[in-house]
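Here is the structure we will look at, set down as structure tokens.
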Amino acid sequence: MVRLLLLVCLALGMPLQMSAQTRKLRVCVGDFPSYAIALDYLLDHKDDYEVSQTTVHACSVRFKKNYFDLIMADTYIFVTSDLEGVDSRIVSLVNYSDGVDQVLGQKGGNPGTLRGSRWALQRGTTSTVLLNFYLKSQGLSLRDVVMEDVKVENTPQAIGRTRFFGAVNWQPYSRQALARGAQVLATSADFPEKLYDIVVTRKSALDQHRPKIQAYVKERLQRARDKNRLYAAYAKLRGIPLPLVAQDFQGLVIFKTAAEVRKEQAKLLQSLRTSAEVADVMQYSGTSVQEQLKQREAGIFDFSVLE
């Protein structure tokens with residue numbers, strides 16, 4: 001079929017790149033609450049979008065391998081994975097965390113036992129950055145604890161005296177952990193540094209699929225303005241009672257206009273720098289992530305789809 005299409009294009013004198021434009025935009029949506037905004041829009045427009053739903057980290061891994069054209073990511077994911085692809089671009093913001101990301105520990109756990117403690121978190125996300133902030137407030141660093149990769153949906157069960165001292169996750173998993181007897185040690189609201197979620201694509205995808213990317217980004221912003229509609233759609237998509245939805249979104253500042261997105265660019269860049277600093281502490285790659293970011297800072301953002 002592809003070969004026949006190429007022959008037809010050649011026969012009609014049509015540019016071959018048009019066949020790329022007719023391909024669906026491959027979008028991966030992770031399991032963070034606000035990533036589901038406008039997910040129903042994507043699913044309702046199957047002629048234009050091919051949608052996959054998995055974990056936040058898995059979306060990023062597969063984006064790097066070119067399985068997807070567009071993903072929602074966080075600043076730490078971007079600097080540890082997407083930064084290496086010089087073609088990657090941040091085209092919009094999703095939200096920043098103002099309490100929804102939480103550091104949880106054993107009930108009655110003593111901060112004095114933090115050194116050498118084991119932590120469950122989803123590897124490669126801003127959970128690492130948040131844990132870094134908390135440990136610094138206790139006079140420690142990431143090198144003073146043991147971090148283990150645990151699926152975010154399994155973190156509520158991981159906390160226990162014979163298992164993990166604590167976990168870092170977000171709603172609804174924080175709520176589930178608290179119901180099992182955990183306690184909140186800190187949240188993203190306790191630190192002035194912002195943990196951002198972003199929309200990431202490639203320049204090549206932007207060139208080929210600009211109308212589809214632009215339509216989706218604008219739809220996200222528009223739907224974020226109608227809280228009742230947003231909550232109803234999320235409840236339906238996730239199959240959860242409507243009264244619980246507000247709790248999942250509590251502590252998220254969701255971007256609703258193009259002007260808000262542009263206004264945050266300088267702060268977003270600082271968040272990326274902080275994430276790169278943490279990545280270097282973790283010795284995430286053989287080269288300095290901060291140096292890689294510095295070389296790319298001028299070309300990372302492309303907010304033209306917001307126009």
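We label chains A, B, ... in the order they appear in the structure tokens, count residues from 1 in each chain, and number ligands from 1 in the order shown.
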
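If you count only C-alpha atoms and ignore residues fewer than 6 places along the chain from A:Asp69, what sits within 8 Å of it is Leu25, Arg26, Val27, Phe63, Thr201, Arg202 and Ala205 of chain A.
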
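Proximity ranking of A:Gln222, A:Gln208, A:Gln214, A:Gln138 relative to A:Thr257 places A:Gln222 first, based on only C-alpha atoms.
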
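Pairwise distance (atom CA of A:Ala259, atom CA of A:Asp48) equals 26.8 Å.
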
Original post:
Can you list, as a ChimeraX atom specification, every protein, DNA or RNA residue that comes within 9 Å of A:Gly108 when you count only C-alpha atoms, leaving out same-chain residues fewer than 3 positions away?
Top reply: /A:105,182-183

Those same residues - C-alpha atoms - I'd like them written as a compact mmCIF listing (two decimals), in the first residue's frame.
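Printed below is selection.txt as written:
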# COMPACT_ATOMS: atom_id res chain seq x y z
CA GLY A 105 6.54 8.22 54.89
CA ALA A 182 1.14 6.71 55.57
CA GLN A 183 1.77 10.35 56.47

For stretch 200-280 of chain A versus stretch 75-87 of chain A, which residues have an atom no more than 8 Å away, and what is each residue's nearest atom pair and distance in Å rounded to one decimal, using only C-alpha atoms, chain-then-number order, as a Markdown table?
| residue | atom | partner | partner_atom | distance |
| --- | --- | --- | --- | --- |
| A:Arg202 | CA | A:Asp87 | CA | 5.2 |
| A:Lys203 | CA | A:Asp87 | CA | 5.4 |
| A:Ser204 | CA | A:Asp87 | CA | 7.1 |
| A:Ser271 | CA | A:Thr75 | CA | 6.7 |
| A:Leu272 | CA | A:Thr75 | CA | 5.4 |
| A:Ser275 | CA | A:Tyr76 | CA | 5.0 |
| A:Ala276 | CA | A:Val79 | CA | 5.9 |
| A:Ala279 | CA | A:Thr80 | CA | 6.7 |

Can you spit out the residues from that selection as a PDB file, in the first residue's frame, using N, CA, C and O atoms?
ATOM      1  N   ARG A 202       8.762  16.997  18.330  1.00  0.00           N
ATOM      2  CA  ARG A 202       9.998  17.182  17.562  1.00  0.00           C
ATOM      3  C   ARG A 202       9.784  18.271  16.521  1.00  0.00           C
ATOM      4  O   ARG A 202       8.665  18.487  16.072  1.00  0.00           O
ATOM      5  N   LYS A 203      10.853  18.915  16.128  1.00  0.00           N
ATOM      6  CA  LYS A 203      10.739  19.918  15.075  1.00  0.00           C
ATOM      7  C   LYS A 203      10.229  19.259  13.796  1.00  0.00           C
ATOM      8  O   LYS A 203       9.413  19.839  13.070  1.00  0.00           O
ATOM      9  N   SER A 204      10.705  18.043  13.520  1.00  0.00           N
ATOM     10  CA  SER A 204      10.246  17.344  12.323  1.00  0.00           C
ATOM     11  C   SER A 204       8.747  17.072  12.373  1.00  0.00           C
ATOM     12  O   SER A 204       8.038  17.227  11.375  1.00  0.00           O
ATOM     13  N   SER A 271      13.445  25.875  36.110  1.00  0.00           N
ATOM     14  CA  SER A 271      13.053  24.532  36.558  1.00  0.00           C
ATOM     15  C   SER A 271      13.843  23.466  35.803  1.00  0.00           C
ATOM     16  O   SER A 271      14.274  22.467  36.390  1.00  0.00           O
ATOM     17  N   LEU A 272      14.056  23.681  34.510  1.00  0.00           N
ATOM     18  CA  LEU A 272      14.868  22.750  33.721  1.00  0.00           C
ATOM     19  C   LEU A 272      16.306  22.724  34.237  1.00  0.00           C
ATOM     20  O   LEU A 272      16.924  21.665  34.325  1.00  0.00           O
ATOM     21  N   SER A 275      16.412  20.722  37.407  1.00  0.00           N
ATOM     22  CA  SER A 275      16.313  19.300  37.081  1.00  0.00           C
ATOM     23  C   SER A 275      17.626  18.766  36.531  1.00  0.00           C
ATOM     24  O   SER A 275      18.039  17.641  36.837  1.00  0.00           O
ATOM     25  N   ALA A 276      18.304  19.577  35.718  1.00  0.00           N
ATOM     26  CA  ALA A 276      19.595  19.160  35.160  1.00  0.00           C
ATOM     27  C   ALA A 276      20.637  19.016  36.257  1.00  0.00           C
ATOM     28  O   ALA A 276      21.470  18.103  36.234  1.00  0.00           O
ATOM     29  N   ALA A 279      19.957  15.809  37.970  1.00  0.00           N
ATOM     30  CA  ALA A 279      20.366  14.712  37.100  1.00  0.00           C
ATOM     31  C   ALA A 279      21.871  14.482  37.171  1.00  0.00           C
ATOM     32  O   ALA A 279      22.341  13.336  37.163  1.00  0.00           O
TER      33      ALA A 279
END

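With only C-alpha atoms as the atoms that count, the residue of A:Val200, A:Leu178, A:Leu242, A:Ala258 with the shortest distance to A:Ile90 is A:Val200.
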
**OP:** Determine which residues of stretch 11-131 of chain A DSSP labels as helix (DSSP H, G or I) from the backbone of this structure, then write them out as a VMD selection string.
**Re:** chain A and resid 11 to 12 17 to 21 33 to 36 39 to 44 56 to 64 75 to 80 82 to 84 111 to 113 127 to 131

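Minimum distance to A:Glu264 across A:Gln295, A:Asn95, A:Asn66, A:Gln250 (counting only C-alpha atoms) occurs at A:Asn95.
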
**OP:** Pick out each residue of stretch 81-307 of chain A that DSSP on the backbone tags as strand (DSSP E); I need them as number ranges by chain.
**Re:** A: 88-97, 102-105, 118-121, 146-149, 166-169, 183-187, 195-202, 252-254

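We find atom CA of A:Thr126 and atom CA of A:Asp74 to be spaced 6.5 Å apart.
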
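Distance-wise, atom CA of A:Arg89 and atom CA of A:Val199 end up 8.4 Å apart.
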
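Within 9 Å of A:Ala73, once only C-alpha atoms are used and residues closer than 5 positions along the same chain are dropped, the contacting residues are A:Gly30, A:Tyr35, A:Val56, A:His57, A:Cys59, A:Ser60, A:Phe78, A:Val94, A:Thr125, A:Tyr196, A:Asp197, A:Ile198, A:Val199, A:Val200.
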
For the selection just defined, write its residues with all heavy atoms to a file, as a CSV table (one decimal), in the first residue's frame.
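Saved file out_36.csv follows:
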chain,number,residue,atom,x,y,z
A,30,GLY,N,0.5,9.9,29.5
A,30,GLY,CA,0.8,9.2,30.8
A,30,GLY,C,-0.3,9.2,31.8
A,30,GLY,O,-1.4,9.7,31.5
A,35,TYR,N,-2.6,15.2,32.5
A,35,TYR,CA,-2.3,14.8,31.2
A,35,TYR,C,-3.6,14.3,30.4
A,35,TYR,O,-3.6,14.2,29.2
A,35,TYR,CB,-1.3,13.6,31.2
A,35,TYR,CG,0.1,14.0,31.7
A,35,TYR,CD1,1.1,13.0,31.8
A,35,TYR,CD2,0.4,15.3,32.0
A,35,TYR,CE1,2.3,13.3,32.3
A,35,TYR,CE2,1.7,15.6,32.4
A,35,TYR,CZ,2.6,14.6,32.6
A,35,TYR,OH,3.9,15.0,33.0
A,56,VAL,N,4.1,7.6,32.6
A,56,VAL,CA,4.8,8.8,32.2
A,56,VAL,C,6.2,8.5,31.7
A,56,VAL,O,6.6,9.0,30.6
A,56,VAL,CB,4.9,9.8,33.4
A,56,VAL,CG1,5.6,11.1,33.0
A,56,VAL,CG2,3.5,10.2,33.9
A,57,HIS,N,6.9,7.6,32.4
A,57,HIS,CA,8.2,7.3,32.0
A,57,HIS,C,8.3,6.5,30.7
A,57,HIS,O,9.1,6.7,29.9
A,57,HIS,CB,8.9,6.5,33.2
A,57,HIS,CG,10.4,6.2,32.9
A,57,HIS,ND1,10.9,5.0,32.7
A,57,HIS,CD2,11.4,7.1,32.8
A,57,HIS,CE1,12.2,5.1,32.5
A,57,HIS,NE2,12.5,6.3,32.6
A,59,CYS,N,6.2,6.6,28.2
A,59,CYS,CA,5.9,7.5,27.1
A,59,CYS,C,7.2,8.2,26.7
A,59,CYS,O,7.5,8.3,25.5
A,59,CYS,CB,4.9,8.6,27.5
A,59,CYS,SG,3.2,8.1,27.6
A,60,SER,N,8.0,8.6,27.6
A,60,SER,CA,9.3,9.3,27.3
A,60,SER,C,10.3,8.3,26.7
A,60,SER,O,11.0,8.7,25.7
A,60,SER,CB,9.9,9.9,28.6
A,60,SER,OG,11.1,10.5,28.3
A,78,PHE,N,12.5,15.6,30.7
A,78,PHE,CA,13.0,16.3,29.5
A,78,PHE,C,14.5,16.3,29.5
A,78,PHE,O,15.2,16.0,28.5
A,78,PHE,CB,12.5,17.7,29.4
A,78,PHE,CG,12.9,18.4,28.1
A,78,PHE,CD1,12.1,18.2,27.0
A,78,PHE,CD2,14.0,19.3,28.1
A,78,PHE,CE1,12.5,18.8,25.8
A,78,PHE,CE2,14.4,19.9,26.9
A,78,PHE,CZ,13.6,19.7,25.8
A,94,VAL,N,1.6,22.3,30.6
A,94,VAL,CA,0.4,21.6,31.0
A,94,VAL,C,0.0,22.2,32.4
A,94,VAL,O,-1.1,22.7,32.6
A,94,VAL,CB,0.7,20.1,31.2
A,94,VAL,CG1,-0.5,19.4,31.7
A,94,VAL,CG2,1.1,19.5,29.8
A,125,THR,N,11.3,10.6,36.8
A,125,THR,CA,10.3,11.7,36.9
A,125,THR,C,10.7,12.7,37.9
A,125,THR,O,11.7,12.6,38.6
A,125,THR,CB,8.9,11.2,37.2
A,125,THR,OG1,8.9,10.7,38.5
A,125,THR,CG2,8.5,10.0,36.3
A,196,TYR,N,7.3,21.6,36.7
A,196,TYR,CA,6.4,21.8,35.6
A,196,TYR,C,6.2,20.5,34.8
A,196,TYR,O,7.0,19.6,34.7
A,196,TYR,CB,7.1,22.8,34.6
A,196,TYR,CG,7.0,24.2,35.1
A,196,TYR,CD1,8.1,24.8,35.8
A,196,TYR,CD2,5.9,25.1,34.8
A,196,TYR,CE1,8.1,26.1,36.2
A,196,TYR,CE2,5.9,26.4,35.2
A,196,TYR,CZ,7.0,26.9,35.9
A,196,TYR,OH,7.0,28.2,36.3
A,197,ASP,N,5.0,20.5,34.2
A,197,ASP,CA,4.7,19.5,33.1
A,197,ASP,C,4.5,20.2,31.8
A,197,ASP,O,3.9,21.3,31.7
A,197,ASP,CB,3.4,18.7,33.5
A,197,ASP,CG,3.6,17.8,34.7
A,197,ASP,OD1,4.5,16.9,34.6
A,197,ASP,OD2,2.9,18.0,35.7
A,198,ILE,N,5.0,19.6,30.8
A,198,ILE,CA,5.2,20.2,29.5
A,198,ILE,C,4.7,19.4,28.3
A,198,ILE,O,4.5,18.1,28.5
A,198,ILE,CB,6.6,20.6,29.2
A,198,ILE,CG1,7.5,19.4,29.3
A,198,ILE,CG2,7.1,21.7,30.2
A,198,ILE,CD1,9.0,19.7,29.2
A,199,VAL,N,4.4,20.0,27.2
A,199,VAL,CA,4.1,19.3,26.0
A,199,VAL,C,5.3,19.3,25.1
A,199,VAL,O,5.9,20.3,24.8
A,199,VAL,CB,2.9,19.9,25.2
A,199,VAL,CG1,2.5,19.1,24.0
A,199,VAL,CG2,1.7,20.0,26.1
A,200,VAL,N,5.8,18.1,24.7
A,200,VAL,CA,7.0,17.9,23.9
A,200,VAL,C,6.7,17.3,22.6
A,200,VAL,O,6.0,16.3,22.5
A,200,VAL,CB,8.0,17.1,24.7
A,200,VAL,CG1,9.3,17.0,24.0
A,200,VAL,CG2,8.3,17.7,26.1

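Residues lying within 7 Å of A:Val253, counting only C-alpha atoms and ignoring same-chain neighbours fewer than 2 positions away, are Asn95, Tyr96, Ser97, Asp98, Gly251 and Phe255 of chain A.
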
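For A:Ala58, the list of residues within 10 Å, based on only C-alpha atoms and with local chain neighbours fewer than 4 positions off taken out, reads A:Cys28, A:Val29, A:Gly30, A:Gln53, A:Thr54, A:Arg62, A:Phe63, A:Lys64, A:Gly124.
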
Output the selection as a PDB file, in the first residue's frame - C-alpha atoms for each residue.
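Everything below was put into selection.pdb:
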ATOM      1  CA  CYS A  28       1.335   9.131  24.244  1.00  0.00           C
ATOM      2  CA  VAL A  29      -0.604  10.112  27.365  1.00  0.00           C
ATOM      3  CA  GLY A  30       0.823   9.214  30.765  1.00  0.00           C
ATOM      4  CA  GLN A  53      -1.864   5.387  27.276  1.00  0.00           C
ATOM      5  CA  THR A  54       0.859   4.133  29.597  1.00  0.00           C
ATOM      6  CA  ARG A  62       9.287   5.358  23.538  1.00  0.00           C
ATOM      7  CA  PHE A  63       9.292   8.973  22.377  1.00  0.00           C
ATOM      8  CA  LYS A  64      13.070   8.822  22.368  1.00  0.00           C
ATOM      9  CA  GLY A 124      13.043   9.249  35.821  1.00  0.00           C
TER      10      GLY A 124
END

Given only C-alpha atoms, how would the per-residue table for stretch 148-169 of chain A near stretch 127-134 of chain A read, listing every residue at most 12 Å away with its closest atom pair and distance in Å to one decimal, sorted by chain and number, as JSON lines?
{"residue": "A:Glu148", "atom": "CA", "partner": "A:Thr128", "partner_atom": "CA", "distance": 10.6}
{"residue": "A:Asp149", "atom": "CA", "partner": "A:Thr128", "partner_atom": "CA", "distance": 10.5}
{"residue": "A:Val150", "atom": "CA", "partner": "A:Ser127", "partner_atom": "CA", "distance": 11.5}
{"residue": "A:Val152", "atom": "CA", "partner": "A:Ser127", "partner_atom": "CA", "distance": 10.1}
{"residue": "A:Thr155", "atom": "CA", "partner": "A:Ser127", "partner_atom": "CA", "distance": 11.9}
{"residue": "A:Gly166", "atom": "CA", "partner": "A:Leu131", "partner_atom": "CA", "distance": 10.1}
{"residue": "A:Ala167", "atom": "CA", "partner": "A:Leu131", "partner_atom": "CA", "distance": 9.0}
{"residue": "A:Val168", "atom": "CA", "partner": "A:Ser127", "partner_atom": "CA", "distance": 5.7}
{"residue": "A:Asn169", "atom": "CA", "partner": "A:Ser127", "partner_atom": "CA", "distance": 6.5}

Just the selected residues (C-alpha atoms), exported as an mmCIF file, in the first residue's frame, please.
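Saved as part_12.cif:
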data_model
loop_
_atom_site.group_PDB
_atom_site.id
_atom_site.type_symbol
_atom_site.label_atom_id
_atom_site.label_comp_id
_atom_site.auth_asym_id
_atom_site.auth_seq_id
_atom_site.Cartn_x
_atom_site.Cartn_y
_atom_site.Cartn_z
ATOM 1 C CA GLU A 148 14.249 2.075 43.855
ATOM 2 C CA ASP A 149 12.079 2.144 40.768
ATOM 3 C CA VAL A 150 8.506 1.187 41.681
ATOM 4 C CA VAL A 152 3.532 4.608 40.753
ATOM 5 C CA THR A 155 3.840 2.901 45.752
ATOM 6 C CA GLY A 166 8.756 6.285 52.151
ATOM 7 C CA ALA A 167 7.498 6.954 48.657
ATOM 8 C CA VAL A 168 7.115 9.890 46.304
ATOM 9 C CA ASN A 169 4.019 10.004 44.137
#

Subject >> A:Gly116 surroundings by only C-alpha atoms, 10 Å radius, close-in-sequence under 2 positions cut, as a PyMOL selection string >> reply: chain A and resi 113-114+118-119+142-147+165
